[in-house]
Amino acid sequence: MPHVQEPPQPEGGPGSAEGRLLKHAAELKRFSRRNFLIGAGAASLLATDMFFTRHVQQERRTNKILTVSDDFAESYYPNASWILFPGYKTSWEEAQWILNSLRGALNQRGQLAAVGYSNEGLDIDQIVISVIEHVRAKQLTSLYFYGHSFGGMVATQVAARLRELHGVEVEFILLDSSPYSKFDVLDQSWFEGVVVLYEGGFRVPTVLRGGYELGERIAHKDERSWRQVVDQSMEQLSPIAPSSVLIQSESAYIYHFDATRFAGKLGGTRMAFIGNPRDGTVNYRTARESWARTFEANMVSNDRRTDDALPAHASPQWNPFVYRPILQDLQDEIFPLPSGGPRMTVY
């Protein structure tokens, strides 16, 4: 078959370099202003988020006493304060949320403050320093500690150290669903893995941690509403979430905590345990019995229960109307106000 020669392409045709350039120019022209603005906006948001994340992480390298202003408590109890020790993975913002949720009950005996743990990791010595500096600056003479979940362990050790090192005695420690030891933690698999990695020098990436926790919350859906699952997961992935280093150090603290070291070292400090038998995070029965046995001389109440709370584990921020009456009753029983008139409240 005879070879038929293709006619030459005119200069600037579709196969030529000039043609390809014209095609790209046409495609670029079709790229809308709207798409450009969306892309630019997304880039700006990413840059802002990275800046905000760096700012938050820089600011939260040290422990900080977070206060919640309350005119009533500041006027009537200028030398008394509650100090909240937040639970596992609880951010500074959530600690203040807890205080605000319980303000109508806690402000009946003192001002409101919480410990903001450093993102560099949990350090009891540094927490003791932060607390004693706050006590001296505010000239506090009456201290009430709220131990939120594992924060009850921290509150107990800090109280013992304050008494030993500074002669400051805490009047009351409330243990809200606090594990007595690592054996009260129901899910040991993730807990132990985090500790092994932390003590081996490995730091868990935030996204990996957040993805696991989302799956964990969905698996335990009966303990939370879907809104709580989403809200808690988003918080753990936000720039203001506790760092992975802090969370791993909290895990290691729980893993090695030995409450017997502080038995007999709290002086006249009174203690109370509250919790929920349906708790899916901490074994309510063993934790309650162990705290009561070891601190028999200090325990004044361990039978009040947060039965209607959801989630069942240490959730005053989600269930203030369950927690407030319990706290009010405890305070009235343990620290009764002078008789002669009804209890004053601004709520």
# chains A, B, ... in the order shown; residues from 1 in each chain; ligands from 1
>>> residues_around(residues="Glu296 of chain A", least_positions_apart="2", cutoff="12 Å", atoms="only C-alpha atoms", output="PyMOL selection string")
chain A and resi 260+263-264+266+268-273+288-294+298-302
>>> write_last_selection(atoms="N, CA, C and O atoms", output="PDB file, in the first residue's frame")
ATOM      1  N   THR A 260      -1.210   4.375  98.668  1.00  0.00           N
ATOM      2  CA  THR A 260      -0.791   4.059 100.036  1.00  0.00           C
ATOM      3  C   THR A 260       0.352   4.957 100.512  1.00  0.00           C
ATOM      4  O   THR A 260       0.570   5.100 101.715  1.00  0.00           O
ATOM      5  N   ALA A 263      -1.329   7.708 102.568  1.00  0.00           N
ATOM      6  CA  ALA A 263      -2.192   7.368 103.698  1.00  0.00           C
ATOM      7  C   ALA A 263      -1.538   7.855 104.987  1.00  0.00           C
ATOM      8  O   ALA A 263      -0.341   7.658 105.217  1.00  0.00           O
ATOM      9  N   GLY A 264      -2.310   8.501 105.822  1.00  0.00           N
ATOM     10  CA  GLY A 264      -1.784   9.029 107.078  1.00  0.00           C
ATOM     11  C   GLY A 264      -1.023  10.333 106.933  1.00  0.00           C
ATOM     12  O   GLY A 264      -0.470  10.834 107.913  1.00  0.00           O
ATOM     13  N   LEU A 266      -2.407  13.163 105.315  1.00  0.00           N
ATOM     14  CA  LEU A 266      -3.315  14.244 104.967  1.00  0.00           C
ATOM     15  C   LEU A 266      -3.833  14.997 106.195  1.00  0.00           C
ATOM     16  O   LEU A 266      -4.594  15.960 106.052  1.00  0.00           O
ATOM     17  N   GLY A 268      -5.983  16.358 108.928  1.00  0.00           N
ATOM     18  CA  GLY A 268      -7.428  16.419 109.131  1.00  0.00           C
ATOM     19  C   GLY A 268      -8.240  16.624 107.862  1.00  0.00           C
ATOM     20  O   GLY A 268      -9.436  16.923 107.936  1.00  0.00           O
ATOM     21  N   THR A 269      -7.613  16.471 106.725  1.00  0.00           N
ATOM     22  CA  THR A 269      -8.330  16.634 105.460  1.00  0.00           C
ATOM     23  C   THR A 269      -9.485  15.640 105.359  1.00  0.00           C
ATOM     24  O   THR A 269      -9.299  14.441 105.564  1.00  0.00           O
ATOM     25  N   ARG A 270     -10.659  16.149 105.035  1.00  0.00           N
ATOM     26  CA  ARG A 270     -11.798  15.254 104.846  1.00  0.00           C
ATOM     27  C   ARG A 270     -11.955  14.935 103.355  1.00  0.00           C
ATOM     28  O   ARG A 270     -11.666  15.768 102.505  1.00  0.00           O
ATOM     29  N   MET A 271     -12.429  13.725 103.072  1.00  0.00           N
ATOM     30  CA  MET A 271     -12.540  13.259 101.700  1.00  0.00           C
ATOM     31  C   MET A 271     -13.932  12.692 101.461  1.00  0.00           C
ATOM     32  O   MET A 271     -14.584  12.189 102.378  1.00  0.00           O
ATOM     33  N   ALA A 272     -14.380  12.775 100.201  1.00  0.00           N
ATOM     34  CA  ALA A 272     -15.654  12.178  99.807  1.00  0.00           C
ATOM     35  C   ALA A 272     -15.503  11.622  98.393  1.00  0.00           C
ATOM     36  O   ALA A 272     -14.812  12.211  97.561  1.00  0.00           O
ATOM     37  N   PHE A 273     -16.149  10.493  98.147  1.00  0.00           N
ATOM     38  CA  PHE A 273     -16.116   9.875  96.827  1.00  0.00           C
ATOM     39  C   PHE A 273     -17.531   9.871  96.250  1.00  0.00           C
ATOM     40  O   PHE A 273     -18.482   9.480  96.927  1.00  0.00           O
ATOM     41  N   ARG A 288     -14.223   2.918  94.687  1.00  0.00           N
ATOM     42  CA  ARG A 288     -14.895   3.432  95.891  1.00  0.00           C
ATOM     43  C   ARG A 288     -14.419   2.700  97.146  1.00  0.00           C
ATOM     44  O   ARG A 288     -14.078   3.324  98.163  1.00  0.00           O
ATOM     45  N   GLU A 289     -14.370   1.365  97.078  1.00  0.00           N
ATOM     46  CA  GLU A 289     -13.968   0.581  98.241  1.00  0.00           C
ATOM     47  C   GLU A 289     -12.497   0.810  98.602  1.00  0.00           C
ATOM     48  O   GLU A 289     -12.142   0.879  99.791  1.00  0.00           O
ATOM     49  N   SER A 290     -11.651   0.944  97.603  1.00  0.00           N
ATOM     50  CA  SER A 290     -10.213   1.099  97.855  1.00  0.00           C
ATOM     51  C   SER A 290      -9.895   2.455  98.472  1.00  0.00           C
ATOM     52  O   SER A 290      -9.099   2.547  99.427  1.00  0.00           O
ATOM     53  N   TRP A 291     -10.490   3.520  97.951  1.00  0.00           N
ATOM     54  CA  TRP A 291     -10.282   4.843  98.547  1.00  0.00           C
ATOM     55  C   TRP A 291     -10.747   4.846 100.001  1.00  0.00           C
ATOM     56  O   TRP A 291     -10.050   5.367 100.892  1.00  0.00           O
ATOM     57  N   ALA A 292     -11.936   4.262 100.245  1.00  0.00           N
ATOM     58  CA  ALA A 292     -12.494   4.260 101.599  1.00  0.00           C
ATOM     59  C   ALA A 292     -11.627   3.451 102.563  1.00  0.00           C
ATOM     60  O   ALA A 292     -11.466   3.824 103.734  1.00  0.00           O
ATOM     61  N   ARG A 293     -11.056   2.358 102.094  1.00  0.00           N
ATOM     62  CA  ARG A 293     -10.227   1.507 102.952  1.00  0.00           C
ATOM     63  C   ARG A 293      -8.899   2.179 103.296  1.00  0.00           C
ATOM     64  O   ARG A 293      -8.484   2.210 104.449  1.00  0.00           O
ATOM     65  N   THR A 294      -8.226   2.718 102.284  1.00  0.00           N
ATOM     66  CA  THR A 294      -6.902   3.307 102.509  1.00  0.00           C
ATOM     67  C   THR A 294      -6.985   4.611 103.292  1.00  0.00           C
ATOM     68  O   THR A 294      -6.116   4.889 104.130  1.00  0.00           O
ATOM     69  N   ASN A 298      -9.931   9.639 106.857  1.00  0.00           N
ATOM     70  CA  ASN A 298     -10.282  10.905 106.210  1.00  0.00           C
ATOM     71  C   ASN A 298     -11.633  10.867 105.503  1.00  0.00           C
ATOM     72  O   ASN A 298     -12.270  11.903 105.315  1.00  0.00           O
ATOM     73  N   MET A 299     -12.076   9.668 105.111  1.00  0.00           N
ATOM     74  CA  MET A 299     -13.284   9.550 104.294  1.00  0.00           C
ATOM     75  C   MET A 299     -14.539   9.794 105.129  1.00  0.00           C
ATOM     76  O   MET A 299     -14.780   9.113 106.114  1.00  0.00           O
ATOM     77  N   VAL A 300     -15.318  10.782 104.717  1.00  0.00           N
ATOM     78  CA  VAL A 300     -16.541  11.115 105.449  1.00  0.00           C
ATOM     79  C   VAL A 300     -17.800  10.776 104.655  1.00  0.00           C
ATOM     80  O   VAL A 300     -18.903  10.765 105.213  1.00  0.00           O
ATOM     81  N   SER A 301     -17.667  10.492 103.356  1.00  0.00           N
ATOM     82  CA  SER A 301     -18.831  10.151 102.541  1.00  0.00           C
ATOM     83  C   SER A 301     -18.379   9.416 101.289  1.00  0.00           C
ATOM     84  O   SER A 301     -17.439   9.851 100.614  1.00  0.00           O
ATOM     85  N   ASN A 302     -19.047   8.299 100.974  1.00  0.00           N
ATOM     86  CA  ASN A 302     -18.744   7.601  99.718  1.00  0.00           C
ATOM     87  C   ASN A 302     -19.985   6.915  99.137  1.00  0.00           C
ATOM     88  O   ASN A 302     -19.870   5.988  98.333  1.00  0.00           O
TER      89      ASN A 302
END
>>> atom_distance(atom1="atom CA of Pro311 of chain A", atom2="atom CA of Ile247 of chain A")
20.4 Å
>>> atom_distance(atom1="atom CA of Ala114 of chain A", atom2="atom CA of Ser91 of chain A")
10.8 Å
>>> closest_residue(among="A:Pro242, A:Pro179, A:Gly121, A:Gly167", to="Ile254 of chain A", atoms="only C-alpha atoms")
A:Pro179
>>> residues_around(residues="segment 57-74 of chain A", least_positions_apart="4", cutoff="10 Å", atoms="only C-alpha atoms", output="VMD selection string")
chain A and resid 52 to 53 78 to 84 92 to 93 95 to 97 99 to 100 103 to 104 106 to 123 126 to 131 133 to 134 239 to 243 344 to 346
>>> atom_distance(atom1="atom CA of Leu162 of chain A", atom2="atom CA of Asp176 of chain A")
20.9 Å
>>> residues_around(residues="Asp308 of chain A", least_positions_apart="5", cutoff="10 Å", atoms="only C-alpha atoms", output="mmCIF file with N, CA, C and O atoms, in the first residue's frame")
data_model
loop_
_atom_site.group_PDB
_atom_site.id
_atom_site.type_symbol
_atom_site.label_atom_id
_atom_site.label_comp_id
_atom_site.auth_asym_id
_atom_site.auth_seq_id
_atom_site.Cartn_x
_atom_site.Cartn_y
_atom_site.Cartn_z
ATOM 1 N N ASN A 276 -20.660 6.727 89.641
ATOM 2 C CA ASN A 276 -21.811 6.122 88.991
ATOM 3 C C ASN A 276 -21.542 4.633 88.777
ATOM 4 O O ASN A 276 -20.548 4.265 88.138
ATOM 5 N N ARG A 278 -22.707 2.718 86.744
ATOM 6 C CA ARG A 278 -22.703 2.390 85.317
ATOM 7 C C ARG A 278 -21.465 2.923 84.598
ATOM 8 O O ARG A 278 -21.368 2.859 83.375
ATOM 9 N N ASN A 319 -23.655 17.462 82.945
ATOM 10 C CA ASN A 319 -24.790 17.153 83.822
ATOM 11 C C ASN A 319 -24.794 18.009 85.090
ATOM 12 O O ASN A 319 -24.840 17.472 86.209
ATOM 13 N N PHE A 321 -27.057 19.658 86.553
ATOM 14 C CA PHE A 321 -28.243 19.525 87.405
ATOM 15 C C PHE A 321 -28.260 18.206 88.167
ATOM 16 O O PHE A 321 -29.056 18.040 89.090
ATOM 17 N N VAL A 322 -27.381 17.271 87.780
ATOM 18 C CA VAL A 322 -27.189 16.057 88.568
ATOM 19 C C VAL A 322 -26.170 16.322 89.678
ATOM 20 O O VAL A 322 -26.352 15.893 90.829
ATOM 21 N N TYR A 323 -25.124 17.035 89.343
ATOM 22 C CA TYR A 323 -24.007 17.244 90.263
ATOM 23 C C TYR A 323 -24.269 18.323 91.308
ATOM 24 O O TYR A 323 -23.844 18.178 92.465
#
>>> residues_around(residues="segment 312-316 of chain A", least_positions_apart="2", cutoff="7 Å", atoms="only C-alpha atoms", output="list in words")
Ile98, Ser101, His148, Ser149, Asp176, Ser177, Glu223, Asn276, Arg278, Asp279, Gly280, Thr281, Ala309, Leu310, Trp318, Asn319, Pro320 and Tyr323 of chain A
>>> closest_residue(among="A:Glu94, A:Asp258, A:Asp303, A:Asp184", to="Val154 of chain A", atoms="only C-alpha atoms")
A:Asp258
>>> closest_residue(among="A:Ile173, A:Leu327, A:Ala155, A:Val185", to="Ile124 of chain A", atoms="only C-alpha atoms")
A:Ala155
>>> select_by_dssp(residues="segment 158-197 of chain A", states="strand (DSSP E)", output="PyMOL selection string")
chain A and resi 172-176
>>> closest_residue(among="A:Val282, A:Val245, A:Ile334, A:Val135", to="Phe183 of chain A", atoms="only C-alpha atoms")
A:Val282
>>> closest_residue(among="A:Tyr255, A:Arg304, A:Thr90, A:Pro325", to="Gln188 of chain A", atoms="only C-alpha atoms")
A:Tyr255
